[in-house]
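Data from work_28.cif: mmCIF, C-alpha atoms
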data_work
#
loop_
_atom_site.label_atom_id
_atom_site.label_comp_id
_atom_site.auth_asym_id
_atom_site.auth_seq_id
_atom_site.Cartn_x
_atom_site.Cartn_y
_atom_site.Cartn_z
CA MET Y 263 0.00 0.00 0.00
CA PHE Y 264 1.10 3.56 -0.66
CA ARG Y 265 1.03 6.26 1.99
CA PRO Y 266 -0.68 9.55 1.18
CA ILE Y 267 1.49 12.28 -0.29
CA HIS Y 268 1.72 15.32 1.95
CA THR Y 269 2.38 18.70 0.35
CA ARG Y 270 5.52 20.33 1.71
CA ARG Y 271 4.90 23.19 4.08
CA ALA Y 272 5.42 26.62 2.57
CA PHE Y 273 8.18 27.66 4.97
CA GLU Y 274 10.21 24.56 4.02
CA GLU Y 275 9.90 25.48 0.34
CA ILE Y 276 11.13 29.00 1.13
CA CYS Y 277 14.13 27.60 3.01
CA GLU Y 278 15.01 25.40 0.04
CA ARG Y 279 14.70 28.31 -2.39
CA ILE Y 280 17.10 30.43 -0.33
CA ARG Y 281 19.53 27.52 0.02
CA GLU Y 282 19.44 27.05 -3.75
CA GLN Y 283 20.42 30.69 -4.21
CA LEU Y 284 23.36 30.11 -1.87
CA ALA Y 285 24.43 26.98 -3.75
CA LEU Y 286 24.30 28.83 -7.07
CA GLY Y 287 26.36 31.70 -5.70
CA VAL Y 288 23.57 34.23 -6.23
CA LEU Y 289 23.59 34.87 -2.48
CA LYS Y 290 26.89 35.10 -0.62
CA PRO Y 291 27.98 35.68 2.99
CA GLY Y 292 27.22 39.24 4.04
CA ASP Y 293 24.44 39.73 1.48
CA LYS Y 294 21.17 41.18 2.70
CA LEU Y 295 17.89 39.64 1.59
CA PRO Y 296 15.17 41.90 0.15
CA PRO Y 297 12.89 43.63 2.68
CA GLU Y 298 10.33 41.32 4.26
CA ARG Y 299 7.37 42.83 2.40
CA ASP Y 300 9.10 42.56 -1.00
CA LEU Y 301 10.41 39.05 -0.38
CA ALA Y 302 6.99 37.78 0.74
CA GLN Y 303 5.46 39.28 -2.41
CA GLN Y 304 8.12 37.72 -4.67
CA LEU Y 305 7.55 34.29 -3.10
CA GLY Y 306 3.78 34.62 -3.05
CA VAL Y 307 3.47 33.86 0.66
CA SER Y 308 2.26 35.67 3.76
CA ARG Y 309 4.75 37.59 5.88
CA ASN Y 310 4.05 35.22 8.79
CA VAL Y 311 5.08 32.20 6.72
CA LEU Y 312 8.18 34.06 5.52
CA ARG Y 313 9.14 34.93 9.10
CA GLU Y 314 8.85 31.26 10.07
CA ALA Y 315 11.24 30.34 7.27
CA LEU Y 316 13.72 33.08 8.16
CA ARG Y 317 13.71 32.05 11.83
CA SER Y 318 14.35 28.45 10.77
CA LEU Y 319 17.35 29.51 8.67
CA GLU Y 320 18.59 31.65 11.55
CA MET Y 321 18.49 28.64 13.88
CA ALA Y 322 20.40 26.65 11.27
CA GLY Y 323 23.13 29.30 11.21
CA VAL Y 324 22.43 30.29 7.59
CA LEU Y 325 20.98 33.75 8.27
CA ARG Y 326 21.42 36.47 10.88
CA LEU Y 327 18.27 38.46 11.64
CA GLN Y 328 18.97 42.01 12.75
CA LYS Y 329 16.39 44.46 14.07
CA GLY Y 330 16.38 48.24 13.68
CA VAL Y 331 16.57 50.77 10.89
CA LYS Y 332 19.57 49.04 9.31
CA GLY Y 333 18.24 45.61 10.14
CA GLY Y 334 17.10 42.76 7.94
CA ALA Y 335 18.06 39.21 7.08
CA PHE Y 336 21.78 38.78 6.31
CA VAL Y 337 23.57 35.70 5.00
CA GLN Y 338 25.98 34.32 7.58
CA ALA Y 339 29.60 33.43 6.86
CA GLY Y 340 28.96 30.02 8.43
CA ASP Y 341 28.64 28.98 12.06
CA THR Y 342 30.78 25.92 12.80
CA SER Y 343 29.34 25.73 16.33
CA ARG Y 344 26.20 24.21 14.76
CA MET Y 345 28.10 20.92 14.61
CA ASN Y 346 28.43 21.03 18.39
CA VAL Y 347 24.65 21.23 18.71
CA VAL Y 348 24.17 18.31 16.31
CA MET Y 349 26.66 16.20 18.27
CA GLN Y 350 24.95 17.05 21.57
CA ASP Y 351 21.56 16.15 20.14
CA MET Y 352 22.91 12.80 18.93
CA LEU Y 353 24.21 12.08 22.42
CA SER Y 354 20.90 13.07 23.99
CA LEU Y 355 18.95 10.84 21.60
CA GLY Y 356 21.28 7.91 22.18
CA THR Y 357 22.33 7.83 18.52
CA ILE Y 358 25.96 7.83 19.64
CA SER Y 359 27.51 6.84 22.96
CA VAL Y 360 30.09 8.53 25.14
CA ARG Y 361 32.43 5.60 24.48
CA GLU Y 362 32.12 6.09 20.70
CA LEU Y 363 32.80 9.80 21.11
CA SER Y 364 36.00 9.15 23.07
CA GLU Y 365 37.17 6.47 20.65
CA ALA Y 366 36.51 8.70 17.66
CA ARG Y 367 38.46 11.53 19.26
CA ILE Y 368 41.58 9.39 19.60
CA HIS Y 369 41.45 8.19 15.99
CA VAL Y 370 40.61 11.61 14.55
CA LEU Y 371 43.51 13.18 16.43
CA ASP Y 372 45.85 10.58 14.91
CA LEU Y 373 44.90 12.04 11.53
CA VAL Y 374 45.15 15.61 12.85
CA VAL Y 375 48.69 15.01 14.07
CA ARG Y 376 49.72 13.54 10.71
CA LEU Y 377 48.36 16.52 8.81
CA ALA Y 378 49.74 19.05 11.30
CA CYS Y 379 53.19 17.49 10.96
CA ALA Y 380 52.96 18.07 7.22
CA ASN Y 381 51.22 21.43 7.12
CA ALA Y 382 51.88 23.36 10.33
CA ARG Y 383 53.58 26.75 9.91
CA GLN Y 384 55.85 28.66 12.24
CA ALA Y 385 52.86 30.74 13.35
CA ASP Y 386 51.10 27.53 14.44
CA PHE Y 387 54.14 26.40 16.42
CA ALA Y 388 54.33 29.81 18.09
CA ALA Y 389 50.62 29.71 18.99
CA LEU Y 390 50.97 26.24 20.49
CA GLU Y 391 54.05 27.29 22.47
CA ALA Y 392 52.24 30.36 23.85
CA ASN Y 393 49.34 28.12 24.84
CA ILE Y 394 51.68 25.75 26.68
CA ASP Y 395 53.24 28.71 28.51
CA ARG Y 396 49.77 29.78 29.69
CA THR Y 397 49.05 26.19 30.73
CA ASP Y 398 52.26 26.15 32.74
CA ILE Y 399 51.37 29.40 34.54
CA ALA Y 400 47.82 28.23 35.29
CA THR Y 401 49.24 24.98 36.72
CA ARG Y 402 51.72 26.76 39.00
CA GLU Y 403 49.03 29.13 40.24
CA GLY Y 404 46.58 26.30 40.88
CA ARG Y 405 44.02 27.61 38.36
CA LEU Y 406 43.06 24.16 37.17
CA LEU Y 407 39.80 25.11 35.48
CA ASP Y 408 41.60 27.82 33.51
CA ARG Y 409 44.01 25.08 32.51
CA VAL Y 410 41.10 23.11 31.05
CA GLU Y 411 40.28 26.14 28.93
CA CYS Y 412 43.90 26.17 27.76
CA SER Y 413 43.47 22.54 26.69
CA ARG Y 414 40.36 23.40 24.72
CA GLU Y 415 42.33 26.13 22.93
CA PHE Y 416 45.31 23.81 22.37
CA TYR Y 417 43.26 21.35 20.31
CA LYS Y 418 41.63 24.18 18.40
CA ILE Y 419 45.05 25.55 17.40
CA LEU Y 420 46.31 22.07 16.52
CA ALA Y 421 43.26 21.34 14.36
CA ALA Y 422 43.67 24.64 12.51
CA ALA Y 423 47.30 23.70 11.82
CA THR Y 424 46.10 20.85 9.59
CA GLY Y 425 44.97 23.41 7.01
CA ASN Y 426 41.71 21.49 6.58
CA ARG Y 427 38.60 23.35 7.76
CA VAL Y 428 36.37 20.26 7.67
CA ILE Y 429 38.71 18.39 10.01
CA SER Y 430 38.94 21.49 12.20
CA MET Y 431 35.16 21.58 12.55
CA ILE Y 432 35.02 17.90 13.48
CA VAL Y 433 37.81 18.24 16.06
CA ASP Y 434 36.31 21.40 17.56
CA SER Y 435 32.93 19.70 17.91
CA VAL Y 436 34.25 16.54 19.56
CA THR Y 437 36.66 18.52 21.76
CA GLU Y 438 33.90 20.89 22.92
CA ILE Y 439 31.89 18.01 24.40
CA HIS Y 440 34.88 16.01 25.67
CA MET Y 441 36.23 19.02 27.55
CA ARG Y 442 32.98 19.25 29.46
CA PHE Y 443 33.73 15.85 30.95
CA VAL Y 444 37.23 17.01 31.88
CA TYR Y 445 35.93 20.30 33.28
CA ALA Y 446 33.37 18.51 35.46
CA LYS Y 447 35.99 16.04 36.73
CA VAL Y 448 38.44 18.80 37.67
CA ALA Y 449 35.71 21.01 39.17
CA SER Y 450 34.38 18.23 41.39
CA SER Y 451 37.65 16.61 42.48
CA GLY Y 452 40.32 19.28 42.11
CA VAL Y 453 42.41 16.60 40.38
CA ALA Y 454 44.02 17.21 37.00
CA MET Y 455 46.50 15.47 34.74
CA ALA Y 456 50.05 15.60 36.10
CA ARG Y 457 52.94 16.83 33.96
CA LEU Y 458 50.59 18.26 31.35
CA SER Y 459 52.92 21.07 30.26
CA GLU Y 460 55.82 18.62 30.02
CA ARG Y 461 53.81 16.31 27.75
CA ARG Y 462 52.68 19.24 25.65
CA ARG Y 463 56.30 20.38 25.14
CA GLN Y 464 57.35 16.85 24.16
CA PHE Y 465 54.57 16.79 21.61
CA LEU Y 466 55.43 20.23 20.23
CA ALA Y 467 59.09 19.22 19.86
CA ALA Y 468 58.08 16.17 17.79
CA LEU Y 469 55.68 18.31 15.74
CA ARG Y 470 58.40 20.85 14.98
CA GLU Y 471 60.67 18.04 13.82
CA ARG Y 472 57.83 16.75 11.61
CA ASN Y 473 58.29 13.41 13.38
CA VAL Y 474 54.89 11.83 12.78
CA ALA Y 475 55.48 8.59 14.70
CA SER Y 476 56.80 10.37 17.80
CA ALA Y 477 54.09 13.04 17.78
CA ILE Y 478 51.32 10.45 17.43
CA ARG Y 479 52.82 8.34 20.22
CA VAL Y 480 52.99 11.25 22.66
CA MET Y 481 49.50 12.46 21.78
CA ARG Y 482 47.88 9.04 21.98
CA SER Y 483 49.57 8.30 25.31
CA HIS Y 484 48.16 11.52 26.73
CA LEU Y 485 44.63 10.96 25.38
CA GLU Y 486 44.52 7.43 26.77
CA ALA Y 487 45.73 8.70 30.17
CA VAL Y 488 42.94 11.31 30.21
CA GLN Y 489 40.40 8.63 29.35
CA ARG Y 490 41.60 6.42 32.20
CA MET Y 491 41.35 9.36 34.59
CA LEU Y 492 37.74 10.00 33.57
CA GLU Y 493 36.73 6.35 33.71
CA GLN Y 494 37.89 6.12 37.32
CA ASP Y 495 34.94 8.40 38.15
CA PRO Y 496 31.71 7.08 36.54
CA GLY Y 497 29.93 10.28 37.53
CA ALA Y 498 32.31 12.34 35.41
CA MET Y 499 31.39 10.27 32.37
CA SER Y 500 27.61 10.70 32.71
CA LEU Y 501 25.66 12.06 29.79
CA GLN Y 502 24.18 14.78 31.99
CA VAL Y 503 27.67 16.11 32.62
CA ALA Y 504 28.48 16.18 28.90
CA LEU Y 505 25.36 18.15 28.03
CA ALA Y 506 25.46 20.59 30.94
CA GLU Y 507 26.45 24.11 30.04
CA MET Y 508 29.53 25.46 31.81
CA GLN Y 509 28.58 28.48 33.87
CA PRO Y 510 31.12 31.34 34.06
CA GLY Y 511 30.78 31.37 37.84
CA MET Y 512 32.06 27.79 38.02
CA ARG Y 513 35.56 28.78 37.00
CA ARG Y 514 38.14 29.17 39.69
#
Write out the structure in this file as structure tokens.
Amino acid sequence: MFRPIHTRRAFEEICERIREQLALGVLKPGDKLPPERDLAQQLGVSRNVLREALRSLEMAGVLRLQKGVKGGAFVQAGDTSRMNVVMQDMLSLGTISVRELSEARIHVLDLVVRLACANARQADFAALEANIDRTDIATREGRLLDRVECSREFYKILAAATGNRVISMIVDSVTEIHMRFVYAKVASSGVAMARLSERRRQFLAALRERNVASAIRVMRSHLEAVQRMLEQDPGAMSLQVALAEMQPGMRR
């Protein structure tokens, strides 16, 4: 038997039309869409239906809706943080597990290290070294939660050093969620990875030498040590912890 065919809702058709214009290059980042009244007239829809479509595209990170005299609907340059939301939703729905997330992170970072060894520039090395210096200072001053933030930044810099924006987005997304586990563990126990700055400097030395095998070995050893630390505390690995937003007041 065949199921009835349902006509697509008007706002979905509007979203597809706008996305088509983006794909064709007619609309580009920074462009402003026609005024609401004109656009609704062009599309042959009510302004309420148009607003629903524009809000949907805003939530998807495609448009930025700005109020005021100079306001309107503007095409976004692209919001990579949307991947974080997708990953969180998949965790919430049980589509992926925490174990799969951790395993994927280790394997993806193997690839990241290989590419960074090949493509990293002096500016990337300098940024990583500055990050390690900040990590060292935060460690000496006992600012362990600030040190977690340094770790988040470290992986962001390393991913960017690959020269591949798709890989950077994947790494940033996985790291964003994983660091919430680490943050919760450190916040609740006051315990953090020992000799972190030393390990980071060993890794950076191997990266500078373009020594893929050594860099991967140091990185993988560290990631596995972090995983063991988290698994010692089942509470730190709970899904609720991963999805909880970090409040600024929690930092110390």
List as CSV every residue of range 426-461 of chain Y that is in contact with range 408-416 of chain Y, defined as an atom at most 8 Å from one of its atoms (using only C-alpha atoms), together with the nearest atom pair and the distance in Å rounded to one decimal, sorted by chain and then rising number.
residue,atom,partner,partner_atom,distance
Y:Thr437,CA,Y:Arg414,CA,6.8
Y:Glu438,CA,Y:Arg414,CA,7.2
Y:Met441,CA,Y:Arg414,CA,6.7
Y:Val444,CA,Y:Val410,CA,7.3
Y:Tyr445,CA,Y:Val410,CA,6.3
Q | Expansion of the PyMOL selection byres ((chain Y and resi 294) around 6) into residues, as a count of residues only | A | 4
Might you pull out every residue within 9 Å of Leu466 in chain Y, with only C-alpha atoms counted and same-chain residues fewer than 6 positions away left off, and present them as a compact mmCIF listing (two decimals) with C-alpha atoms, in the frame of the given file?
# COMPACT_ATOMS: atom_id res chain seq x y z
CA PHE Y 387 54.14 26.40 16.42
CA LEU Y 390 50.97 26.24 20.49
CA GLU Y 391 54.05 27.29 22.47
CA ALA Y 477 54.09 13.04 17.78
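Computed from the coordinates, the CA of Ala382 in chain Y to CA of Thr424 in chain Y distance equals 6.3 Å.
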(Q) From (16.4, 30.3, 6.2), in the file's coordinates, out to 9 Å: which residues are reached, counting all atoms listed in the file? Answer as a list of chain:residue names. (A) Y:Phe273, Y:Glu274, Y:Ile276, Y:Cys277, Y:Glu278, Y:Arg279, Y:Ile280, Y:Arg281, Y:Glu314, Y:Ala315, Y:Leu316, Y:Arg317, Y:Ser318, Y:Leu319, Y:Glu320, Y:Met321, Y:Ala322, Y:Gly323, Y:Val324, Y:Leu325
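For the choices Y:Arg470, Y:Arg326, Y:Arg479, Y:Arg457, the atom-to-atom distance to Ala378 in chain Y is smallest for Y:Arg470 when using all atoms listed in the file.
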**Q.** Output check: residues returned by the PyMOL selection byres ((chain Y and resi 339-353) around 7), as a ChimeraX atom specification
**A.** /Y:291-292,323-324,337-338,354-359,431,435,505
